[in-house]
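Peer 1: I'd like to ask you about the structure that follows.
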Amino acid sequence: MTGVCIVGWAHSPFGKLDGPDLESLIGAVAGSAIEDAGIAPGEIDGVFVGTFNNGFSKQDFPGSLAMQSVPALRFKPAMRCENACASGSAAVFAARDFIAAGRGRFALVVGAETMTGVSGAAVGDILLGASYRREEGEIAGGFAGVFGRIAETYFQRFGDQSDALAAIAAKNHRNGVDNPYAQMRRDLGVEFCRTVSEKNPYVAGPLKRTDCSLVSDGAAALVLADAETASAMRRAVRFRAAAHVNDFLPLSRRDPTRFDGGAAAWAQALDGAGLSIEDLSFVETHDCFTIAELIEYEAMGLAPHGKGARVVLDGMVSAEGRLPVNRSGGLKAKGHPVGATGVSMHVIAAMQLTGEAGEMQLSRADVGGIFNMGGAAVANYVSILERV
């Protein structure tokens with residue numbers, strides 16, 4: 001066996017947590033992931049922390065915060081990784097490169113974000129930092145407004161997609177019921193998600209509240225090891241391939257109805273794995289808004305451009321479908337603490353591949369795909385994982 005493997009993990013609940021700060025969130029998962037891997041804390045050779053911050057927390061410079069709860073990490077190299085909503089995957093990839101380069105046998109990855117301690121208006125402005133402020137900074141509705149414009153353009157070009165967006169939201173909320181870490185464990189149903197109401201108003205453009213991911217606190221952690229070391233451990237999940245692609249930041253320089261960077265990342269990762277999208281058992285994808293998941297179906301190659309609706313409407317991506325997408329409930333139901341999201345996706349996928357996903361467990365889970373993006377498909381990360 002060659003490559004880098006996931007050998008341990010931990011995951012906090014996502015949601016509005018009591019009195020969280022970045023230090024406590026990191027502390028809640030760092031030691032637990034090391035313990036889950038079955039190694040001593042002192043065996044960790046490097047620490048990689050994914051967090052966006054940008055004003056969510058006054059405590060910045062988080063690389064060393066894991067040492068507060070795990071003192072044995074003192075004098076280990078530690079760093080913060082940031083790539084907007086893909087900050088967690090940036091930390092995973094940095095740790096993977098650290099192990100692959102032979103700089104250590106074990107690396108700890110933590111993704112964390114505290115978001116609920118600031119006002120709703122502040123959340124919108126902070127997240128706009130992941131867009132091109134020179135052109136997009138005055139869009140009403142903050143980051144939801146950015147994706148509202150994407151949805152409007154998609155609707156204008158390909159027709160009203162409200163049925164498909166409602167089906168995506170309902171699917172992910174139904175899946176979230178089975179996720180013990182999810183912020184919203186409630187099956188809302190297609191009709192509620194499709195209908196504008198006092199509890200489900202329009203938020204931006206054609207996007208309703210049920211089309212938007214949740215403001216969350218939370219953390220997740222992984223331990224990575226080189227393949228030789230992992231082969232002697234109780235269980236391991238191998239990176240069969242991984243790809244990271246960045247695109248232009250301004251939407252004005254791209255077709256907003258296509259996630260070309262995401263498509264390139266998927267193509268590189270699948271080629272590196274020697275697989276096609278049909279070979280995967282499941283996918284965890286970045287549904288910050290339902291329109292994003294719709295366009296991501298096309299980016300991963302499940303449907304031609306403009307035809308993504310049929311993927312969800314025909315049941316292909318349901319829990320019982322040919323390629324389940326977001327069996328965890330996705331960002332839509334699980335929550336989206338920005339820096340934690342990419343790490344959480346890798347944890348959930350590892351749980352599926354080792355048969356440890358509990359009520360979320362799929363009957364077939366041999367190879368899984370992960371897509372985590374920063375901004376509107378600006379930073380694009382794809383991992384292909386397989387059980388060992």
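Residues in the structure tokens are named by chain (A, B, ... in the order shown) and by number from 1 within that chain; ligands are numbered from 1 in the order shown.
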DSSP on the backbone, then: every residue of stretch 127-229 of chain A marked strand (DSSP E), written as a list in words.
Peer 2: Tyr202, Val203, Ala204, Leu207, Lys208, Gly218, Ala219, Ala220, Ala221, Leu222, Val223, Leu224, Ala225 and Asp226 of chain A
Peer 1: Give me, as a tab-separated table, each residue of stretch 107-165 of chain A that comes within 12 Å of stretch 63-69 of chain A, together with its shortest interatomic pair and the distance in Å at one decimal, counting only C-alpha atoms, with rows ordered by chain and rising residue number.
Peer 2:
residue	atom	partner	partner_atom	distance
A:Leu108	CA	A:Ala66	CA	9.5
A:Val109	CA	A:Ala66	CA	10.0
A:Val110	CA	A:Ala66	CA	8.5
A:Gly111	CA	A:Gly63	CA	10.7
A:Ala112	CA	A:Ala66	CA	11.1
Peer 1: I'd like the contact shell of A:Ala140 - 12 Å cut-off, only C-alpha atoms, skipping same-chain residues fewer than 3 positions apart - returned as an MDAnalysis selection string.
Peer 2: chainID A and resid 121 124:125 128 136:137 143:149 203:205
Peer 1: Nearest to A:Pro13: which of A:Ala164, A:Leu323, A:Ala182, A:Ala91 is it, counting only C-alpha atoms?
Peer 2: A:Ala182
Peer 1: Report as JSON lines: every residue of stretch 188-261 of chain A with an atom at most 12 Å from stretch 92-98 of chain A, its closest pair of atoms, and their distance in Å to one decimal, counting only C-alpha atoms, with rows sorted by chain and ascending residue number.
Peer 2:
{"residue": "A:Ala220", "atom": "CA", "partner": "A:Val92", "partner_atom": "CA", "distance": 11.2}
{"residue": "A:Ala221", "atom": "CA", "partner": "A:Val92", "partner_atom": "CA", "distance": 9.4}
{"residue": "A:Leu222", "atom": "CA", "partner": "A:Val92", "partner_atom": "CA", "distance": 8.2}
{"residue": "A:Val223", "atom": "CA", "partner": "A:Ala95", "partner_atom": "CA", "distance": 9.1}
{"residue": "A:Leu224", "atom": "CA", "partner": "A:Arg96", "partner_atom": "CA", "distance": 7.1}
{"residue": "A:Ala225", "atom": "CA", "partner": "A:Arg96", "partner_atom": "CA", "distance": 8.3}
{"residue": "A:Asp226", "atom": "CA", "partner": "A:Arg96", "partner_atom": "CA", "distance": 8.8}
{"residue": "A:Ala227", "atom": "CA", "partner": "A:Arg96", "partner_atom": "CA", "distance": 11.2}
{"residue": "A:Arg238", "atom": "CA", "partner": "A:Arg96", "partner_atom": "CA", "distance": 10.8}
{"residue": "A:Phe239", "atom": "CA", "partner": "A:Arg96", "partner_atom": "CA", "distance": 8.9}
{"residue": "A:Arg240", "atom": "CA", "partner": "A:Arg96", "partner_atom": "CA", "distance": 11.9}
{"residue": "A:Ala241", "atom": "CA", "partner": "A:Arg96", "partner_atom": "CA", "distance": 11.1}
{"residue": "A:Ala242", "atom": "CA", "partner": "A:Phe93", "partner_atom": "CA", "distance": 8.2}
{"residue": "A:Ala243", "atom": "CA", "partner": "A:Phe93", "partner_atom": "CA", "distance": 9.0}
{"residue": "A:His244", "atom": "CA", "partner": "A:Phe93", "partner_atom": "CA", "distance": 8.5}
Peer 1: Please produce an output containing N, CA and C atoms for each residue in the selection, written as an mmCIF file, in the first residue's frame.
Peer 2:
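Resulting contents of selection_29.cif:
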data_model
loop_
_atom_site.group_PDB
_atom_site.id
_atom_site.type_symbol
_atom_site.label_atom_id
_atom_site.label_comp_id
_atom_site.auth_asym_id
_atom_site.auth_seq_id
_atom_site.Cartn_x
_atom_site.Cartn_y
_atom_site.Cartn_z
ATOM 1 N N ALA A 220 -14.132 19.535 13.646
ATOM 2 C CA ALA A 220 -13.865 18.132 13.302
ATOM 3 C C ALA A 220 -12.357 17.970 13.194
ATOM 4 N N ALA A 221 -11.888 16.741 13.375
ATOM 5 C CA ALA A 221 -10.443 16.493 13.359
ATOM 6 C C ALA A 221 -10.136 15.137 12.751
ATOM 7 N N LEU A 222 -8.937 15.045 12.170
ATOM 8 C CA LEU A 222 -8.430 13.821 11.561
ATOM 9 C C LEU A 222 -6.987 13.588 12.002
ATOM 10 N N VAL A 223 -6.591 12.347 12.013
ATOM 11 C CA VAL A 223 -5.175 11.993 12.108
ATOM 12 C C VAL A 223 -4.797 11.290 10.811
ATOM 13 N N LEU A 224 -3.754 11.777 10.163
ATOM 14 C CA LEU A 224 -3.242 11.169 8.939
ATOM 15 C C LEU A 224 -1.929 10.464 9.227
ATOM 16 N N ALA A 225 -1.675 9.401 8.471
ATOM 17 C CA ALA A 225 -0.433 8.637 8.629
ATOM 18 C C ALA A 225 0.055 8.183 7.270
ATOM 19 N N ASP A 226 1.351 7.906 7.169
ATOM 20 C CA ASP A 226 1.868 7.314 5.938
ATOM 21 C C ASP A 226 1.345 5.885 5.813
ATOM 22 N N ALA A 227 1.322 5.396 4.590
ATOM 23 C CA ALA A 227 0.685 4.108 4.329
ATOM 24 C C ALA A 227 1.342 2.958 5.080
ATOM 25 N N ARG A 238 -7.621 5.256 2.721
ATOM 26 C CA ARG A 238 -6.536 5.775 1.885
ATOM 27 C C ARG A 238 -7.028 6.841 0.922
ATOM 28 N N PHE A 239 -6.208 7.882 0.729
ATOM 29 C CA PHE A 239 -6.422 8.828 -0.358
ATOM 30 C C PHE A 239 -6.005 8.139 -1.650
ATOM 31 N N ARG A 240 -6.982 7.764 -2.442
ATOM 32 C CA ARG A 240 -6.650 7.174 -3.738
ATOM 33 C C ARG A 240 -6.207 8.272 -4.717
ATOM 34 N N ALA A 241 -6.784 9.450 -4.568
ATOM 35 C CA ALA A 241 -6.379 10.597 -5.383
ATOM 36 C C ALA A 241 -6.891 11.868 -4.722
ATOM 37 N N ALA A 242 -6.310 12.990 -5.089
ATOM 38 C CA ALA A 242 -6.756 14.283 -4.580
ATOM 39 C C ALA A 242 -6.364 15.351 -5.583
ATOM 40 N N ALA A 243 -7.185 16.391 -5.681
ATOM 41 C CA ALA A 243 -6.897 17.481 -6.605
ATOM 42 C C ALA A 243 -7.368 18.796 -6.013
ATOM 43 N N HIS A 244 -6.614 19.843 -6.266
ATOM 44 C CA HIS A 244 -6.936 21.197 -5.812
ATOM 45 C C HIS A 244 -6.760 22.134 -6.994
#
Peer 1: Using only C-alpha atoms, pick whichever of A:Ala84, A:Ala236, A:Val312, A:Ala349 has the shortest atom-to-atom distance to A:Val378.
Peer 2: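 Using only C-alpha atoms, the shortest distance to A:Val378 belongs to A:Ala84.
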Peer 1: Going by DSSP on the backbone, which residues of stretch 208-297 of chain A come out as alpha helix (DSSP H)? List them as an MDAnalysis selection string.
Peer 2: chainID A and resid 227:230 260:273 290:297
Peer 1: Can you work out which one of A:Gly159, A:Asp178, A:Val382, A:Arg234 has the shortest atom-to-atom distance to A:Ala265, counting only C-alpha atoms?
Peer 2: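 Of all the options, A:Val382 lies closest to A:Ala265.
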Peer 1: For atom CA of A:Ala130 and atom CA of A:Asn54, quote the distance in Å rounded to one decimal.
Peer 2: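 Interatomic distance, atom CA of A:Ala130 to atom CA of A:Asn54: 9.4 Å.
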Peer 1: With only C-alpha atoms as the basis for distance, which of A:Tyr132, A:Phe48, A:Tyr181, A:Tyr154 is at the shortest distance from A:His11?
Peer 2: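 Of A:Tyr132, A:Phe48, A:Tyr181, A:Tyr154, the one nearest A:His11 is A:Tyr181, counting only C-alpha atoms.
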Peer 1: Using only C-alpha atoms, find the one residue out of A:Glu359, A:Asp21, A:Glu113, A:Glu293 that sits nearest to A:Val215.
Peer 2: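 Closest to A:Val215, using only C-alpha atoms: A:Glu113.
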Peer 1: Need to verify the contact set: A:Asp366, 6 Å, only C-alpha atoms, exclusion of same-chain residues closer than 6 positions in sequence. Can you return it as a ChimeraX atom specification?
Peer 2: /A:281,353,386
Peer 1: When you count only C-alpha atoms, which of these residues is closest to A:Ile295: A:Gly117, A:Gly3, A:Pro337, A:Pro256?
Peer 2: A:Pro256
Peer 1: Which polymer residues have any atom within 9 Å of an atom of A:Tyr297, counting only C-alpha atoms, with same-chain residues fewer than 6 positions away left out, as a PyMOL selection string?
Peer 2: chain A and resi 303-304+307-309+311-312
Peer 1: Write out as a list in words which residues come within 9 Å of A:Glu135 when counting only C-alpha atoms, dropping same-chain ones fewer than 4 positions away.
Peer 2: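 So, after excluding close chain neighbours, the residues are Ser131, Ile139, Pro250, Leu251 and Ser252 of chain A.
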Peer 1: With only C-alpha atoms as the counted atoms, please give the residues lying no more than 10 Å from A:Gly342, apart from itself and same-chain residues fewer than 4 positions off, as an MDAnalysis selection string.
Peer 2: chainID A and resid 50 85:92 110:112 220 284:286 336:338 346:347 370:374 381
Peer 1: For the residues in the current selection, export N, CA and C atoms as a CSV table (one decimal), in the first residue's frame.
Peer 2:
chain,number,residue,atom,x,y,z
A,50,GLY,N,-7.5,24.4,10.1
A,50,GLY,CA,-8.3,25.1,9.1
A,50,GLY,C,-9.3,26.0,9.7
A,85,CYS,N,-14.3,28.9,2.4
A,85,CYS,CA,-15.1,27.8,2.9
A,85,CYS,C,-14.4,26.5,2.7
A,86,ALA,N,-13.3,26.4,2.0
A,86,ALA,CA,-12.5,25.2,1.9
A,86,ALA,C,-11.3,25.2,2.8
A,87,SER,N,-11.3,26.0,3.8
A,87,SER,CA,-10.2,26.1,4.7
A,87,SER,C,-9.9,24.7,5.4
A,88,GLY,N,-10.9,23.9,5.7
A,88,GLY,CA,-10.7,22.6,6.2
A,88,GLY,C,-10.0,21.7,5.3
A,89,SER,N,-10.4,21.7,4.0
A,89,SER,CA,-9.7,20.8,3.0
A,89,SER,C,-8.3,21.3,2.8
A,90,ALA,N,-8.1,22.6,2.9
A,90,ALA,CA,-6.7,23.2,2.7
A,90,ALA,C,-5.8,22.6,3.8
A,91,ALA,N,-6.4,22.5,5.0
A,91,ALA,CA,-5.6,21.9,6.1
A,91,ALA,C,-5.4,20.4,5.9
A,92,VAL,N,-6.4,19.7,5.4
A,92,VAL,CA,-6.2,18.3,5.1
A,92,VAL,C,-5.1,18.1,4.0
A,110,VAL,N,-7.2,19.8,12.2
A,110,VAL,CA,-8.4,20.3,12.9
A,110,VAL,C,-9.0,21.3,12.0
A,111,GLY,N,-10.4,21.2,11.8
A,111,GLY,CA,-11.1,22.3,11.2
A,111,GLY,C,-12.1,22.8,12.2
A,112,ALA,N,-12.2,24.2,12.4
A,112,ALA,CA,-13.1,24.7,13.4
A,112,ALA,C,-13.5,26.1,13.0
A,220,ALA,N,-14.1,19.5,13.6
A,220,ALA,CA,-13.9,18.1,13.3
A,220,ALA,C,-12.4,18.0,13.2
A,284,GLU,N,-19.9,13.3,-0.9
A,284,GLU,CA,-20.2,14.4,0.0
A,284,GLU,C,-19.8,15.7,-0.7
A,285,THR,N,-20.8,16.5,-1.0
A,285,THR,CA,-20.5,17.7,-1.8
A,285,THR,C,-20.9,19.0,-1.1
A,286,HIS,N,-20.5,20.1,-1.6
A,286,HIS,CA,-20.5,21.4,-0.9
A,286,HIS,C,-21.9,22.1,-1.2
A,336,HIS,N,-22.8,24.5,8.6
A,336,HIS,CA,-21.6,24.9,7.8
A,336,HIS,C,-20.7,25.8,8.6
A,337,PRO,N,-20.1,25.3,9.7
A,337,PRO,CA,-19.0,26.1,10.4
A,337,PRO,C,-17.8,26.1,9.4
A,338,VAL,N,-17.6,27.3,8.8
A,338,VAL,CA,-16.8,27.3,7.6
A,338,VAL,C,-15.5,26.5,7.6
A,346,HIS,N,-14.4,14.8,5.2
A,346,HIS,CA,-13.5,13.7,5.3
A,346,HIS,C,-13.8,12.7,6.4
A,347,VAL,N,-14.2,13.3,7.5
A,347,VAL,CA,-14.6,12.4,8.7
A,347,VAL,C,-15.8,11.5,8.3
A,370,ILE,N,-15.3,13.4,-2.4
A,370,ILE,CA,-15.6,14.6,-1.6
A,370,ILE,C,-15.3,15.9,-2.4
A,371,PHE,N,-16.3,16.8,-2.4
A,371,PHE,CA,-16.0,18.1,-3.1
A,371,PHE,C,-16.3,19.2,-2.1
A,372,ASN,N,-15.3,20.0,-1.8
A,372,ASN,CA,-15.3,21.1,-0.9
A,372,ASN,C,-14.8,22.4,-1.6
A,373,MET,N,-15.6,23.5,-1.6
A,373,MET,CA,-15.2,24.6,-2.3
A,373,MET,C,-15.1,25.9,-1.5
A,374,GLY,N,-14.2,26.8,-1.8
A,374,GLY,CA,-14.1,28.1,-1.1
A,374,GLY,C,-14.6,29.1,-2.1
A,381,TYR,N,-11.6,21.6,-4.1
A,381,TYR,CA,-10.8,20.5,-3.6
A,381,TYR,C,-11.7,19.2,-3.8
Peer 1: Would you work out the distance separating atom CA of A:Asp36 from atom CA of A:Trp9, expressed in Å to one decimal?
Peer 2: 6.1 Å
Peer 1: Rounded to one decimal place, report the atom CA of A:Ala33-atom CA of A:Arg174 distance in Å.
Peer 2: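 A separation of 27.9 Å between them.
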